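*Asks:* This is the structure, below, for whatever I ask next.
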Amino acid sequence: MAVEPLAQQEIESRLTEVPGWSLDGDRLARGYRLDSHFAAAAFVVHIARIQDELDHHADVTLGYHTVTLTVNTHSVGGAVTALDFELAHRVEDIAPGHGAH
Ligand SMILES: C[C@H](O)[C@H](O)[C@H]1CNC2=NC(N)=NC(=O)C2=N1
């Protein structure tokens with residue numbers, strides 16, 4: 001899939017579709033809180049499966065009761081692209097089932 005860097009205005013517009021996500025420097029980012037460390041770890045494993053499906057991978061940090069993701073697209077020099085938003089949407093889809101908020 002050919003991907004291009006998104007314009008700033010496009011990024012801001014798409015951010016309104018994924019509440020909780022924001023732009024952190026040149027990366028799309030979101031932190032989640034869960035009810036336990038094990039629940040957080042399970043969420044990370046599920047995210048890993050999605051990332052392999054998409055062949056697009058965030059930096060994922062597992063904390064005590066937290067999971068933090070930051071992502072941009074290496075292949076276009078670290079800009080934010082539609083692929084980053086696709087990953088954000090896919091993670092949002094599974095978050096409620098893990099009790100992640
Ligand atoms: C070969 C493979 O498609 C690439 O290395 C993929 C894998 N995962 C990736 N993840 C991210 N975040 N950006 C990329 O450009 C990227 N490229």
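Starting from 1 in every chain, residues are counted up; chains themselves are A, B, ... following the order of the structure tokens, and ligands are numbered from 1 as listed.
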Around ligand 1, out to 12 Å and counting only C-alpha atoms and all ligand atoms, which residues are there? I want them as a PyMOL selection string.

*Replies:* chain A and resi 1-5+26-29+48+50-60+69-88

*Asks:* Write the residues of the selection above to a file with N, CA and C atoms, as a short mmCIF file (atom, residue, chain, number, x, y, z; two decimals), in the first residue's frame.

*Replies:*
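Printed below is again32.cif as written:
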```cif
data_model
loop_
_atom_site.label_atom_id
_atom_site.label_comp_id
_atom_site.auth_asym_id
_atom_site.auth_seq_id
_atom_site.Cartn_x
_atom_site.Cartn_y
_atom_site.Cartn_z
N MET A 1 0.85 -1.19 0.00
CA MET A 1 0.00 0.00 0.00
C MET A 1 0.89 1.25 0.00
N ALA A 2 0.64 2.15 -0.96
CA ALA A 2 1.40 3.40 -1.00
C ALA A 2 0.83 4.35 0.05
N VAL A 3 1.68 4.85 0.90
CA VAL A 3 1.20 5.78 1.92
C VAL A 3 1.95 7.10 1.80
N GLU A 4 1.24 8.15 2.16
CA GLU A 4 1.84 9.48 2.10
C GLU A 4 1.65 10.16 3.45
N PRO A 5 2.58 11.07 3.78
CA PRO A 5 2.39 11.85 5.01
C PRO A 5 1.07 12.62 4.92
N ASP A 26 5.92 14.11 16.43
CA ASP A 26 5.58 13.60 15.09
C ASP A 26 4.91 12.22 15.18
N ARG A 27 4.36 11.90 16.36
CA ARG A 27 3.77 10.57 16.53
C ARG A 27 2.34 10.66 17.02
N LEU A 28 1.53 9.71 16.57
CA LEU A 28 0.19 9.55 17.09
C LEU A 28 0.30 8.77 18.39
N ALA A 29 -0.39 9.21 19.43
CA ALA A 29 -0.17 8.59 20.74
C ALA A 29 -1.46 8.47 21.54
N ALA A 48 -0.58 -6.67 19.57
CA ALA A 48 0.50 -7.25 18.75
C ALA A 48 -0.07 -8.02 17.57
N ILE A 50 -2.96 -7.51 16.05
CA ILE A 50 -3.48 -6.52 15.09
C ILE A 50 -2.32 -5.90 14.31
N GLN A 51 -1.26 -5.59 15.01
CA GLN A 51 -0.12 -4.94 14.34
C GLN A 51 0.50 -5.86 13.29
N ASP A 52 0.57 -7.14 13.58
CA ASP A 52 1.10 -8.07 12.58
C ASP A 52 0.13 -8.20 11.40
N GLU A 53 -1.16 -8.20 11.70
CA GLU A 53 -2.16 -8.24 10.61
C GLU A 53 -2.00 -7.05 9.68
N LEU A 54 -1.82 -5.88 10.26
CA LEU A 54 -1.71 -4.65 9.48
C LEU A 54 -0.31 -4.46 8.91
N ASP A 55 0.65 -5.23 9.41
CA ASP A 55 2.07 -5.01 9.13
C ASP A 55 2.43 -3.56 9.43
N HIS A 56 1.96 -3.12 10.60
CA HIS A 56 2.25 -1.76 11.04
C HIS A 56 2.33 -1.78 12.56
N HIS A 57 3.40 -1.25 13.12
CA HIS A 57 3.73 -1.52 14.51
C HIS A 57 4.03 -0.24 15.29
N ALA A 58 3.28 -0.07 16.35
CA ALA A 58 3.53 1.05 17.27
C ALA A 58 4.64 0.67 18.25
N ASP A 59 5.20 1.68 18.91
CA ASP A 59 5.99 1.43 20.11
C ASP A 59 4.98 1.29 21.24
N VAL A 60 4.98 0.15 21.88
CA VAL A 60 3.98 -0.16 22.91
C VAL A 60 4.70 -0.33 24.24
N LEU A 69 0.79 3.69 23.63
CA LEU A 69 1.19 3.46 22.24
C LEU A 69 1.63 4.78 21.62
N THR A 70 2.70 4.73 20.84
CA THR A 70 3.03 5.85 19.97
C THR A 70 3.40 5.25 18.63
N VAL A 71 2.97 5.91 17.56
CA VAL A 71 3.21 5.33 16.24
C VAL A 71 3.35 6.42 15.17
N ASN A 72 4.26 6.18 14.27
CA ASN A 72 4.30 6.92 13.01
C ASN A 72 4.78 5.94 11.95
N THR A 73 5.00 6.44 10.77
CA THR A 73 5.30 5.53 9.66
C THR A 73 6.74 5.71 9.21
N HIS A 74 7.56 4.69 9.52
CA HIS A 74 9.00 4.77 9.25
C HIS A 74 9.28 4.97 7.76
N SER A 75 8.47 4.28 6.93
CA SER A 75 8.78 4.23 5.50
C SER A 75 8.62 5.59 4.81
N VAL A 76 7.96 6.54 5.48
CA VAL A 76 7.90 7.90 4.91
C VAL A 76 8.63 8.88 5.82
N GLY A 77 9.65 8.39 6.46
CA GLY A 77 10.52 9.27 7.26
C GLY A 77 9.96 9.64 8.61
N GLY A 78 9.03 8.84 9.12
CA GLY A 78 8.51 9.11 10.47
C GLY A 78 7.39 10.12 10.50
N ALA A 79 6.64 10.23 9.40
CA ALA A 79 5.46 11.09 9.38
C ALA A 79 4.23 10.28 9.79
N VAL A 80 3.15 10.99 10.10
CA VAL A 80 1.88 10.33 10.40
C VAL A 80 1.13 10.10 9.09
N THR A 81 0.63 8.88 8.92
CA THR A 81 -0.09 8.50 7.70
C THR A 81 -1.41 7.83 8.06
N ALA A 82 -2.15 7.49 7.03
CA ALA A 82 -3.43 6.79 7.22
C ALA A 82 -3.22 5.46 7.93
N LEU A 83 -2.08 4.84 7.76
CA LEU A 83 -1.81 3.57 8.43
C LEU A 83 -1.80 3.74 9.95
N ASP A 84 -1.27 4.86 10.42
CA ASP A 84 -1.25 5.11 11.86
C ASP A 84 -2.68 5.26 12.39
N PHE A 85 -3.52 5.93 11.63
CA PHE A 85 -4.91 6.08 12.04
C PHE A 85 -5.66 4.75 11.96
N GLU A 86 -5.31 3.94 10.98
CA GLU A 86 -5.95 2.62 10.89
C GLU A 86 -5.62 1.80 12.14
N LEU A 87 -4.37 1.84 12.55
CA LEU A 87 -3.98 1.13 13.76
C LEU A 87 -4.72 1.69 14.98
N ALA A 88 -4.80 3.02 15.07
CA ALA A 88 -5.50 3.65 16.21
C ALA A 88 -6.95 3.18 16.26
#
```

*Asks:* Once DSSP has gone over the backbone, tell me which residues of chain A are in alpha helix (DSSP H), as a PyMOL selection string.

*Replies:* chain A and resi 8-15+37-54+82-94

*Asks:* At what distance in Å, to one decimal, does CA of Glu17 (chain A) lie from CA of Asp35 (chain A)?

*Replies:*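 Straight-line distance from CA of Asp35 (chain A) to CA of Glu17 (chain A) works out to 25.2 Å.
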
*Asks:* Counting only C-alpha atoms, what is within 9 Å of Tyr64 (chain A), bar same-chain residues fewer than 2 positions away, as number ranges by chain?

*Replies:* A: 34, 36-38, 40, 62, 66-67

*Asks:* Could you write those residues out with C-alpha atoms, as an mmCIF file, in the first residue's frame?

*Replies:*
```
data_model
loop_
_atom_site.group_PDB
_atom_site.id
_atom_site.type_symbol
_atom_site.label_atom_id
_atom_site.label_comp_id
_atom_site.auth_asym_id
_atom_site.auth_seq_id
_atom_site.Cartn_x
_atom_site.Cartn_y
_atom_site.Cartn_z
ATOM 1 C CA LEU A 34 -6.605 -1.050 32.846
ATOM 2 C CA SER A 36 -4.703 -4.995 36.489
ATOM 3 C CA HIS A 37 -1.230 -5.657 35.158
ATOM 4 C CA PHE A 38 -2.341 -8.963 33.649
ATOM 5 C CA ALA A 40 -2.769 -4.691 30.484
ATOM 6 C CA LEU A 62 3.471 -1.883 29.242
ATOM 7 C CA THR A 66 -1.134 1.117 31.779
ATOM 8 C CA VAL A 67 -0.450 0.604 28.095
#
```

*Asks:* Taking the chain letters and numbering used in this document, name the residues of chain A that DSSP puts in strand (DSSP E), as a ChimeraX atom specification.

*Replies:* /A:22-24,27-33,59-62,66-71

*Asks:* Next, write the just-selected residues to a file, as a short mmCIF file (atom, residue, chain, number, x, y, z; two decimals), in the first residue's frame, keeping C-alpha atoms as the atom set.

*Replies:*
```
data_model
loop_
_atom_site.label_atom_id
_atom_site.label_comp_id
_atom_site.auth_asym_id
_atom_site.auth_seq_id
_atom_site.Cartn_x
_atom_site.Cartn_y
_atom_site.Cartn_z
CA SER A 22 -3.28 12.99 20.19
CA LEU A 23 -0.25 14.13 18.31
CA ASP A 24 2.90 13.85 20.44
CA ARG A 27 3.77 10.57 16.53
CA LEU A 28 0.19 9.55 17.09
CA ALA A 29 -0.17 8.59 20.74
CA ARG A 30 -2.57 7.31 23.35
CA GLY A 31 -2.28 5.96 26.87
CA TYR A 32 -4.79 3.47 28.33
CA ARG A 33 -5.49 2.48 31.91
CA ASP A 59 5.99 1.43 20.11
CA VAL A 60 3.98 -0.16 22.91
CA THR A 61 4.91 0.37 26.55
CA LEU A 62 3.47 -1.88 29.24
CA THR A 66 -1.13 1.12 31.78
CA VAL A 67 -0.45 0.60 28.09
CA THR A 68 0.95 3.44 26.01
CA LEU A 69 1.19 3.46 22.24
CA THR A 70 3.03 5.85 19.97
CA VAL A 71 3.21 5.33 16.24
#
```

*Asks:* Take CA of Ala95 (chain A) and CA of Ala39 (chain A) and report the distance between them in Å, one decimal.

*Replies:*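 The value is 10.9 Å.
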
*Asks:* Residues near Ile94 (chain A), anyone? I mean within 10 Å using only C-alpha atoms, not counting same-chain ones fewer than 4 positions away, as a list in words.

*Replies:* Phe43, His46, Ile47, Ile50, His89, Arg90, His98, Gly99 and Ala100 of chain A

*Asks:* Selected residues, C-alpha atoms, written as a JSON list (two decimals), in the first residue's frame, please.

*Replies:*
```
[["chain", "number", "residue", "atom", "x", "y", "z"],
["A", 43, "PHE", "CA", -4.26, -6.05, 25.82],
["A", 46, "HIS", "CA", -4.03, -8.49, 21.30],
["A", 47, "ILE", "CA", -2.51, -5.25, 19.96],
["A", 50, "ILE", "CA", -3.48, -6.52, 15.09],
["A", 89, "HIS", "CA", -9.02, 2.71, 15.08],
["A", 90, "ARG", "CA", -8.31, -1.02, 15.36],
["A", 98, "HIS", "CA", -10.23, -5.34, 27.61],
["A", 99, "GLY", "CA", -11.60, -2.74, 30.01],
["A", 100, "ALA", "CA", -9.00, -0.31, 28.69]]
```
